[in-house]
>>> print(open('model-v5.txt').read())   # compact mmCIF, C-alpha atoms and all ligand atoms
# COMPACT_ATOMS: atom_id res chain seq x y z
CA MET A 20 -257.73 -253.67 -74.72
CA SER A 21 -255.89 -252.13 -71.77
CA ARG A 22 -256.75 -253.33 -68.27
CA LEU A 23 -255.96 -249.84 -66.97
CA GLN A 24 -257.97 -248.53 -64.04
CA VAL A 25 -257.07 -245.32 -62.26
CA LEU A 26 -257.83 -245.04 -58.55
CA LEU A 27 -258.93 -241.57 -57.45
CA VAL A 28 -258.93 -240.98 -53.70
CA ALA A 29 -260.47 -238.08 -51.79
CA GLY A 30 -260.86 -237.61 -48.05
CA THR A 31 -257.77 -239.56 -47.05
CA HIS A 32 -257.83 -236.93 -44.33
CA GLY A 33 -261.37 -236.47 -43.04
CA ASN A 34 -261.02 -232.73 -42.46
CA GLU A 35 -260.10 -232.03 -46.11
CA ILE A 36 -263.62 -231.86 -47.48
CA ASN A 37 -263.37 -230.21 -50.89
CA ALA A 38 -262.29 -233.21 -52.97
CA PRO A 39 -264.86 -235.52 -51.27
CA TRP A 40 -267.56 -232.96 -52.04
CA LEU A 41 -266.48 -232.89 -55.68
CA PHE A 42 -266.63 -236.71 -55.79
CA ASP A 43 -270.10 -236.66 -54.24
CA GLN A 44 -271.34 -234.13 -56.78
CA TRP A 45 -269.77 -236.23 -59.52
CA SER A 46 -271.60 -239.35 -58.28
CA ARG A 47 -274.87 -237.49 -58.66
CA ASN A 48 -273.95 -236.24 -62.14
CA VAL A 49 -271.73 -238.69 -64.01
CA ASP A 50 -270.93 -236.17 -66.74
CA LEU A 51 -269.59 -233.59 -64.29
CA VAL A 52 -265.96 -234.63 -64.69
CA ASN A 53 -264.23 -235.39 -67.98
CA THR A 54 -262.34 -238.65 -67.50
CA SER A 55 -260.86 -238.65 -71.02
CA SER A 56 -262.54 -242.06 -71.55
CA LEU A 57 -260.47 -243.75 -68.84
CA GLU A 58 -261.80 -246.34 -66.40
CA VAL A 59 -261.68 -244.70 -63.01
CA ILE A 60 -262.60 -245.81 -59.51
CA LYS A 61 -263.20 -243.07 -57.01
CA ILE A 62 -263.25 -243.70 -53.29
CA VAL A 63 -263.24 -241.79 -50.02
CA GLY A 64 -260.04 -242.76 -48.27
CA ASN A 65 -261.22 -242.36 -44.70
CA PRO A 66 -265.05 -242.32 -44.69
CA LYS A 67 -265.43 -242.55 -40.89
CA ALA A 68 -263.10 -239.61 -40.35
CA LEU A 69 -264.92 -237.64 -43.05
CA ASP A 70 -268.24 -238.26 -41.28
CA LEU A 71 -266.71 -236.88 -38.10
CA ARG A 72 -264.86 -234.07 -39.93
CA GLU A 73 -261.72 -235.27 -38.16
CA ARG A 74 -258.36 -235.82 -39.80
CA TYR A 75 -258.36 -239.44 -38.60
CA LEU A 76 -259.72 -241.67 -35.83
CA ASN A 77 -256.70 -243.56 -34.52
CA ARG A 78 -253.78 -242.62 -36.76
CA ASP A 79 -253.01 -240.75 -39.98
CA LEU A 80 -254.29 -242.96 -42.84
CA ASN A 81 -251.69 -241.44 -45.13
CA ARG A 82 -248.91 -242.79 -42.92
CA SER A 83 -250.54 -246.20 -42.49
CA PHE A 84 -249.61 -247.88 -45.78
CA ARG A 85 -246.42 -249.36 -44.31
CA SER A 86 -245.64 -253.00 -44.98
CA ASP A 87 -245.17 -253.73 -41.26
CA LEU A 88 -248.67 -252.35 -40.53
CA LEU A 89 -250.36 -253.89 -43.59
CA GLY A 90 -248.97 -257.28 -42.55
CA THR A 91 -250.46 -257.21 -39.04
CA ALA A 92 -253.40 -259.34 -37.87
CA ILE A 93 -256.93 -257.95 -37.56
CA GLY A 94 -257.71 -255.82 -34.53
CA CYS A 95 -255.46 -252.86 -35.09
CA ASP A 96 -256.36 -249.24 -35.57
CA TYR A 97 -259.25 -248.31 -37.85
CA GLU A 98 -256.92 -246.64 -40.34
CA VAL A 99 -254.67 -249.69 -40.61
CA GLU A 100 -257.74 -251.86 -41.30
CA ARG A 101 -258.95 -249.31 -43.87
CA ALA A 102 -255.53 -249.31 -45.55
CA LYS A 103 -255.69 -253.13 -45.81
CA GLU A 104 -259.23 -252.90 -47.17
CA ILE A 105 -258.27 -250.39 -49.87
CA MET A 106 -255.32 -252.56 -50.87
CA ALA A 107 -257.50 -255.69 -51.01
CA LEU A 108 -260.00 -253.92 -53.26
CA HIS A 109 -257.87 -251.72 -55.47
CA GLY A 110 -254.23 -252.62 -54.91
CA GLU A 111 -252.27 -253.99 -57.84
CA SER A 112 -253.42 -257.53 -56.99
CA GLY A 113 -256.75 -256.54 -55.47
CA SER A 114 -260.19 -257.72 -56.56
CA SER A 115 -260.66 -254.63 -58.75
CA PRO A 116 -257.04 -253.68 -59.35
CA CYS A 117 -255.78 -250.22 -60.23
CA GLN A 118 -252.38 -249.43 -61.67
CA ILE A 119 -252.31 -245.71 -60.95
CA ALA A 120 -253.46 -243.95 -57.77
CA ILE A 121 -254.06 -240.22 -57.46
CA ASP A 122 -254.77 -238.94 -53.96
CA PHE A 123 -256.45 -235.53 -53.65
CA HIS A 124 -255.66 -233.41 -50.60
CA SER A 125 -256.03 -229.82 -49.53
CA THR A 126 -253.59 -227.75 -47.52
CA THR A 127 -253.95 -224.74 -45.25
CA ALA A 128 -250.58 -223.50 -46.55
CA ASN A 129 -250.49 -220.85 -49.26
CA MET A 130 -249.09 -223.30 -51.83
CA GLY A 131 -251.63 -223.03 -54.63
CA SER A 132 -251.93 -226.27 -56.58
CA SER A 133 -249.03 -228.68 -56.54
CA LEU A 134 -248.06 -232.32 -57.00
CA VAL A 135 -246.24 -234.49 -54.49
CA ILE A 136 -244.28 -237.57 -55.46
CA TYR A 137 -242.45 -239.94 -53.13
CA GLY A 138 -238.99 -241.04 -54.14
CA ARG A 139 -237.80 -241.33 -57.72
CA ARG A 140 -239.91 -244.05 -59.31
CA ALA A 141 -239.77 -243.78 -63.09
CA CYS A 142 -243.55 -243.87 -63.61
CA ASP A 143 -244.19 -241.16 -61.02
CA LEU A 144 -241.55 -238.88 -62.51
CA ALA A 145 -242.91 -239.47 -66.03
CA ILE A 146 -246.53 -238.67 -65.19
CA ALA A 147 -245.46 -235.69 -63.06
CA SER A 148 -243.51 -234.31 -66.03
CA LEU A 149 -246.58 -234.57 -68.27
CA ILE A 150 -248.87 -232.87 -65.75
CA GLN A 151 -246.30 -230.18 -64.99
CA PHE A 152 -245.92 -229.52 -68.75
CA HIS A 153 -249.71 -229.29 -69.06
CA LEU A 154 -250.49 -227.11 -66.03
CA GLY A 155 -247.16 -225.68 -64.89
CA LEU A 156 -247.56 -227.03 -61.37
CA PRO A 157 -244.65 -227.23 -58.93
CA VAL A 158 -243.64 -230.75 -57.89
CA TYR A 159 -242.53 -231.52 -54.33
CA LEU A 160 -240.24 -234.54 -54.40
CA HIS A 161 -240.53 -236.06 -50.94
CA GLU A 162 -237.61 -238.42 -50.36
CA MET A 163 -235.07 -239.44 -47.73
CA ASP A 164 -237.39 -238.61 -44.83
CA SER A 165 -237.32 -241.55 -42.44
CA SER A 166 -239.64 -239.74 -40.02
CA GLN A 167 -242.49 -239.81 -42.55
CA THR A 168 -243.36 -243.05 -44.35
CA GLY A 169 -246.38 -245.16 -45.30
CA PHE A 170 -247.98 -242.87 -47.87
CA LEU A 171 -250.97 -244.31 -49.72
CA VAL A 172 -249.82 -243.72 -53.30
CA GLU A 173 -246.50 -245.51 -52.75
CA ASN A 174 -248.39 -248.80 -52.76
CA TRP A 175 -249.40 -248.52 -56.42
CA PRO A 176 -247.00 -248.92 -59.36
CA CYS A 177 -247.61 -245.27 -60.17
CA GLY A 178 -249.05 -242.72 -57.80
CA LEU A 179 -249.04 -239.08 -56.88
CA VAL A 180 -250.65 -236.68 -54.47
CA VAL A 181 -252.42 -233.52 -55.56
CA GLU A 182 -252.40 -230.71 -52.98
CA ILE A 183 -254.70 -227.73 -53.43
CA GLY A 184 -254.61 -224.70 -51.17
CA PRO A 185 -254.91 -222.57 -49.27
CA VAL A 186 -258.09 -223.60 -47.50
CA ALA A 187 -258.88 -224.06 -43.83
CA GLN A 188 -259.71 -227.55 -42.59
CA ASN A 189 -263.41 -228.42 -42.90
CA LEU A 190 -264.11 -225.38 -45.07
CA LEU A 191 -265.84 -225.86 -48.40
CA ASP A 192 -264.51 -223.38 -50.97
CA ILE A 193 -265.65 -223.38 -54.59
CA ARG A 194 -262.22 -222.14 -55.77
CA ILE A 195 -260.57 -225.19 -54.19
CA VAL A 196 -263.23 -227.49 -55.70
CA GLN A 197 -262.72 -225.95 -59.15
CA LYS A 198 -258.94 -226.29 -58.94
CA THR A 199 -259.25 -229.89 -57.74
CA LYS A 200 -261.47 -230.67 -60.74
CA LEU A 201 -259.10 -228.92 -63.14
CA VAL A 202 -256.05 -230.85 -61.92
CA LEU A 203 -257.99 -234.14 -61.79
CA GLU A 204 -259.09 -233.73 -65.41
CA ALA A 205 -255.57 -232.76 -66.52
CA CYS A 206 -254.12 -235.83 -64.80
CA LEU A 207 -256.61 -238.13 -66.53
CA GLN A 208 -256.07 -236.41 -69.87
CA GLU A 209 -252.32 -237.00 -69.66
CA VAL A 210 -252.77 -240.65 -68.65
CA SER A 211 -255.18 -241.05 -71.56
CA LYS A 212 -252.62 -239.61 -73.97
CA VAL A 213 -250.08 -242.17 -72.74
CA LEU A 214 -252.66 -244.92 -73.25
CA TYR A 215 -253.31 -243.88 -76.84
CA GLY A 216 -249.66 -243.17 -77.68
CA GLN A 217 -250.16 -239.42 -77.92
CA ALA A 218 -248.17 -238.25 -74.89
CA HIS A 219 -245.76 -235.42 -75.52
CA PHE A 220 -243.10 -235.42 -72.82
CA PRO A 221 -241.20 -232.24 -71.94
CA PRO A 222 -237.37 -232.29 -71.96
CA SER A 223 -237.17 -231.85 -68.19
CA LEU A 224 -239.04 -232.00 -64.91
CA ILE A 225 -238.50 -229.30 -62.31
CA VAL A 226 -238.75 -230.67 -58.77
CA HIS A 227 -238.40 -229.23 -55.31
CA ARG A 228 -236.50 -231.93 -53.48
CA HIS A 229 -237.21 -232.37 -49.77
CA ILE A 230 -234.20 -231.54 -47.61
CA LYS A 231 -235.71 -231.46 -44.14
CA SER A 232 -238.61 -230.30 -42.03
CA ILE A 233 -238.12 -227.83 -39.20
CA ASP A 234 -240.11 -227.23 -36.05
CA PHE A 235 -240.89 -223.99 -34.27
CA PRO A 236 -238.28 -222.96 -31.70
CA ARG A 237 -239.61 -224.10 -28.30
CA ASP A 238 -238.94 -223.49 -24.63
CA VAL A 239 -238.42 -226.19 -22.01
CA ASP A 240 -242.20 -226.56 -21.67
CA ASP A 241 -242.48 -227.25 -25.41
CA ILE A 242 -244.24 -223.93 -26.03
CA PRO A 243 -243.23 -222.13 -29.27
CA ILE A 244 -241.13 -219.07 -28.46
CA GLY A 245 -241.50 -217.65 -31.95
CA CYS A 246 -243.95 -217.52 -34.85
CA LEU A 247 -243.05 -217.78 -38.48
CA HIS A 248 -241.51 -214.48 -39.54
CA GLU A 249 -243.80 -212.17 -41.50
CA GLU A 250 -241.56 -212.49 -44.56
CA VAL A 251 -241.97 -216.28 -44.45
CA GLN A 252 -245.63 -216.73 -43.50
CA GLY A 253 -247.69 -217.33 -46.64
CA ASN A 254 -244.64 -217.26 -48.93
CA ASP A 255 -244.49 -220.93 -49.90
CA TRP A 256 -242.27 -221.63 -52.94
CA LYS A 257 -240.44 -218.28 -52.45
CA PRO A 258 -236.68 -218.94 -52.09
CA LEU A 259 -234.99 -218.13 -48.79
CA LYS A 260 -231.37 -217.06 -48.77
CA THR A 261 -228.82 -217.92 -46.07
CA GLY A 262 -229.48 -215.77 -43.02
CA SER A 263 -233.09 -214.93 -43.95
CA PRO A 264 -235.30 -214.43 -40.89
CA LEU A 265 -237.39 -217.54 -40.11
CA PHE A 266 -239.05 -217.08 -36.71
CA SER A 267 -239.76 -214.01 -34.62
CA SER A 268 -241.69 -212.93 -31.55
CA LEU A 269 -243.14 -209.75 -30.08
CA THR A 270 -240.33 -209.55 -27.54
CA GLY A 271 -237.38 -209.45 -29.88
CA TYR A 272 -236.72 -213.13 -30.48
CA LEU A 273 -235.37 -213.67 -33.98
CA GLU A 274 -234.03 -216.85 -35.59
CA HIS A 275 -232.38 -216.96 -39.02
CA LEU A 276 -231.99 -219.64 -41.65
CA ASP A 277 -228.67 -221.42 -41.19
CA GLU A 278 -228.68 -223.41 -44.45
CA ARG A 279 -225.61 -222.73 -46.60
CA GLU A 280 -227.52 -222.55 -49.85
CA GLU A 281 -230.78 -221.05 -50.99
CA VAL A 282 -233.78 -223.18 -50.03
CA VAL A 283 -237.46 -223.12 -50.96
CA PRO A 284 -239.99 -223.50 -48.13
CA VAL A 285 -243.24 -225.48 -48.56
CA PHE A 286 -246.12 -226.43 -46.26
CA ILE A 287 -245.43 -223.26 -44.26
CA ASN A 288 -247.54 -223.36 -41.07
CA GLU A 289 -249.68 -226.22 -42.42
CA ALA A 290 -252.28 -226.65 -39.66
CA ALA A 291 -252.21 -230.45 -39.85
CA TYR A 292 -248.47 -230.59 -39.30
CA ALA A 293 -248.55 -228.93 -35.88
CA GLU A 294 -248.96 -232.41 -34.36
CA LYS A 295 -245.98 -233.60 -36.38
CA LYS A 296 -243.96 -230.63 -35.11
CA ILE A 297 -243.35 -229.29 -38.58
CA ALA A 298 -243.41 -225.51 -39.02
CA MET A 299 -242.33 -225.86 -42.64
CA SER A 300 -240.35 -228.12 -44.94
CA LEU A 301 -237.30 -226.95 -46.83
CA THR A 302 -236.63 -228.01 -50.41
CA LYS A 303 -234.07 -227.43 -53.10
CA ARG A 304 -235.06 -226.72 -56.70
CA GLU A 305 -233.63 -229.20 -59.19
CA VAL A 306 -234.07 -229.74 -62.91
CA LEU A 307 -234.22 -233.42 -63.88
CA PRO A 308 -233.90 -234.33 -67.56
CA VAL A 309 -236.82 -236.57 -68.56
CA GLN A 310 -235.27 -240.02 -69.07
CA GLU A 311 -236.21 -242.53 -71.76
CA ASN A 312 -236.75 -245.24 -69.15
CA TRP A 313 -239.28 -243.04 -67.32
CA LYS A 314 -241.37 -242.80 -70.50
CA GLU A 315 -241.01 -246.49 -71.32
CA GLU A 316 -242.00 -247.69 -67.85
CA LEU A 317 -245.08 -245.47 -67.82
CA LYS A 318 -246.10 -246.60 -71.31
CA GLN A 319 -245.64 -250.25 -70.29
CA LEU A 320 -247.76 -249.80 -67.19
CA VAL A 321 -250.56 -247.92 -68.92
CA GLN A 322 -250.74 -249.74 -72.23
CA ASN A 323 -250.41 -253.38 -71.05
ZN ZN B 401 -254.25 -234.32 -46.54
>>> encode(input="model-v5.txt", output="structure tokens")
Amino acid sequence: MSRLQVLLVAGTHGNEINAPWLFDQWSRNVDLVNTSSLEVIKIVGNPKALDLRERYLNRDLNRSFRSDLLGTAIGCDYEVERAKEIMALHGESGSSPCQIAIDFHSTTANMGSSLVIYGRRACDLAIASLIQFHLGLPVYLHEMDSSQTGFLVENWPCGLVVEIGPVAQNLLDIRIVQKTKLVLEACLQEVSKVLYGQAHFPPSLIVHRHIKSIDFPRDVDDIPIGCLHEEVQGNDWKPLKTGSPLFSSLTGYLEHLDEREEVVPVFINEAAYAEKKIAMSLTKREVLPVQENWKEELKQLVQN
């Protein structure tokens, strides 16, 4: 008998309300979501922020799972205490431990449904390949970004983020709820197949590897002097060639892409990233052959 429990998280950001609403509906009707017979634990990441419809109270919960913060004494920010609490309950050595964590977010960017993985852990790459094969979702591989660390799912042996968009913050949208449910069920179905030895891995995983994030051009007073160019706004995942226009204004300001190679923009004009001074992130498309050790590590984790 496998000990496997899958942690499902919604509302890690309190102004992303579609996944928490789905979870609430699911609590009232246990047959609403097909879990493919897996043991799942579903939680609201940041319940206080969700009550307030704010992204967070003191700091971004999804940047608070850093070892230096988790190791601090009591009395810190609410989100750091909440991160410790979630780890104590459902971390790998918690009181009700989970081995896999899936964190459901929404984005204001026109990205459709996508997966985000952090770094190149074998289990994450393996499960992403299965879900991508099942649903055809793009995968954003976030790595080598020292300015952004402490993501929730990195603290579980296997974890990924699901991003569904576009939807404004604090706006309930049935299309976003339906897509969240669809991806959630596909994720659980693929984990279940691994558990029962029925997983069929694709030959390769297509990722969009993070290169860098870029801010709006600003004047000395920190005011943006340009908006995203009309050919960029809303065109997430659409490749940009060298010299493509990036930012423009009504008074003739125009800035072009100075990357040497074609890049693929994501999280274009994501509302939540204004505070992080990110107008968009640039990625590069790469095809990674699915490795035997990815499959083996995922099977070990799920089946033991
Ligand atoms: Zn979020």
>>> residues_near_ligand(input="model-v5.txt", ligand="ligand ZN 401 (chain B)", cutoff="12 Å", atoms="all atoms listed in the file", output="number ranges by chain")
A: 28-39, 64-65, 69, 73-75, 79-82, 122-128, 135, 170-171, 180-184, 186-189, 286, 289-292
>>> residues_around(input="model-v5.txt", residues="A:Val196", least_positions_apart="3", cutoff="9 Å", atoms="all atoms listed in the file", output="ChimeraX atom specification")
/A:37-38,40-41,183,191-193,199-201
>>> closest_residue(input="model-v5.txt", among="A:Met299, A:Met130, A:Leu269, A:Leu207", to="A:Ile233", atoms="all atoms listed in the file")
A:Met299
>>> atom_distance(input="model-v5.txt", atom1="atom CA of A:Pro157", atom2="atom CA of A:Trp256")
8.5 Å
>>> closest_residue(input="model-v5.txt", among="A:Gln252, A:Asn53, A:Gln167, A:Ser133", to="A:Pro284", atoms="only C-alpha atoms")
A:Gln252
>>> closest_residue(input="model-v5.txt", among="A:Glu173, A:Glu305, A:Glu162, A:Glu294", to="A:Ile225", atoms="only C-alpha atoms")
A:Glu305
>>> atom_distance(input="model-v5.txt", atom1="atom CA of A:Glu250", atom2="atom CA of A:Lys303")
18.8 Å
>>> residues_near_point(input="model-v5.txt", point="(-230.4, -213.0, -42.2)", cutoff="7 Å", atoms="all atoms listed in the file", output="list in words")
Thr261, Gly262, Ser263, Pro264, His275 and Leu276 of chain A
>>> closest_residue(input="model-v5.txt", among="A:Val226, A:Val251, A:Leu89, A:Leu76", to="A:Ala102", atoms="only C-alpha atoms")
A:Leu89
>>> axis_aligned_box(input="model-v5.txt", around="stretch 271-279 of chain A", padding_each_side="8 Å", output="lines of an AutoDock Vina configuration file")
center_x = -231.5
center_y = -216.4
center_z = -38.2
size_x = 27.8
size_y = 30.0
size_z = 32.7
>>> residues_around(input="model-v5.txt", residues="A:Ala147", least_positions_apart="5", cutoff="12 Å", atoms="only C-alpha atoms", output="PyMOL selection string")
chain A and resi 121+133-137+139-142+152-160+177-181+202+205-207+209-210+220-221+223-226+307+309+313-314+317
>>> residues_near_point(input="model-v5.txt", point="(-251.9, -245.8, -67.4)", cutoff="8 Å", atoms="all atoms listed in the file", output="PyMOL selection string")
chain A and resi 23-25+118-119+210-211+213-214+317-318+320-322
>>> residues_around(input="model-v5.txt", residues="A:Ser267", least_positions_apart="3", cutoff="9 Å", atoms="only C-alpha atoms", output="VMD selection string")
chain A and resid 244 to 249 264 270 to 274
>>> atom_distance(input="model-v5.txt", atom1="atom CA of A:Val52", atom2="atom CA of A:Leu190")
21.8 Å
>>> residues_around(input="model-v5.txt", residues="A:Ile93", least_positions_apart="5", cutoff="12 Å", atoms="all atoms listed in the file", output="list in words")
Leu88, Glu98, Val99, Glu100, Arg101, Ala102, Lys103 and Glu104 of chain A
>>> closest_residue(input="model-v5.txt", among="A:Cys95, A:Ser46, A:Ser148, A:Lys61", to="A:Asn77", atoms="all atoms listed in the file")
A:Cys95
>>> closest_residue(input="model-v5.txt", among="A:Arg78, A:Asn288, A:His161, A:Ser114", to="A:Leu144", atoms="all atoms listed in the file")
A:His161
>>> residues_around(input="model-v5.txt", residues="A:Asn323", least_positions_apart="4", cutoff="7 Å", atoms="only C-alpha atoms", output="list of chain:residue names")
A:Ser21, A:Arg22, A:Gln319
>>> decode(input="model-v5.txt", residues="stretch 179-209 of chain A", atoms="C-alpha atoms", output="PDB file, in the first residue's frame")
ATOM      1  CA  LEU A 179       4.625  22.123  -9.776  1.00  0.00           C
ATOM      2  CA  VAL A 180       2.573  25.247 -10.235  1.00  0.00           C
ATOM      3  CA  VAL A 181      -0.475  25.413 -12.456  1.00  0.00           C
ATOM      4  CA  GLU A 182      -1.206  28.865 -13.911  1.00  0.00           C
ATOM      5  CA  ILE A 183      -4.565  29.548 -15.537  1.00  0.00           C
ATOM      6  CA  GLY A 184      -5.371  32.791 -17.309  1.00  0.00           C
ATOM      7  CA  PRO A 185      -6.219  35.355 -18.290  1.00  0.00           C
ATOM      8  CA  VAL A 186      -8.376  36.569 -15.437  1.00  0.00           C
ATOM      9  CA  ALA A 187      -8.323  39.778 -13.436  1.00  0.00           C
ATOM     10  CA  GLN A 188      -7.443  39.601  -9.755  1.00  0.00           C
ATOM     11  CA  ASN A 189     -10.465  38.937  -7.518  1.00  0.00           C
ATOM     12  CA  LEU A 190     -12.680  38.076 -10.477  1.00  0.00           C
ATOM     13  CA  LEU A 191     -14.560  34.790 -10.469  1.00  0.00           C
ATOM     14  CA  ASP A 192     -14.775  33.364 -13.998  1.00  0.00           C
ATOM     15  CA  ILE A 193     -16.370  30.004 -14.750  1.00  0.00           C
ATOM     16  CA  ARG A 194     -13.977  29.418 -17.688  1.00  0.00           C
ATOM     17  CA  ILE A 195     -11.006  29.741 -15.334  1.00  0.00           C
ATOM     18  CA  VAL A 196     -12.685  27.446 -12.780  1.00  0.00           C
ATOM     19  CA  GLN A 197     -13.399  24.842 -15.469  1.00  0.00           C
ATOM     20  CA  LYS A 198      -9.829  24.949 -16.766  1.00  0.00           C
ATOM     21  CA  THR A 199      -8.450  24.690 -13.229  1.00  0.00           C
ATOM     22  CA  LYS A 200     -10.588  21.596 -12.640  1.00  0.00           C
ATOM     23  CA  LEU A 201      -9.552  20.069 -15.965  1.00  0.00           C
ATOM     24  CA  VAL A 202      -5.828  20.496 -15.274  1.00  0.00           C
ATOM     25  CA  LEU A 203      -6.212  19.351 -11.647  1.00  0.00           C
ATOM     26  CA  GLU A 204      -7.934  16.143 -12.750  1.00  0.00           C
ATOM     27  CA  ALA A 205      -5.341  15.524 -15.485  1.00  0.00           C
ATOM     28  CA  CYS A 206      -2.507  15.969 -12.975  1.00  0.00           C
ATOM     29  CA  LEU A 207      -4.074  13.470 -10.581  1.00  0.00           C
ATOM     30  CA  GLN A 208      -4.824  11.032 -13.392  1.00  0.00           C
ATOM     31  CA  GLU A 209      -1.175  11.050 -14.470  1.00  0.00           C
TER      32      GLU A 209
END
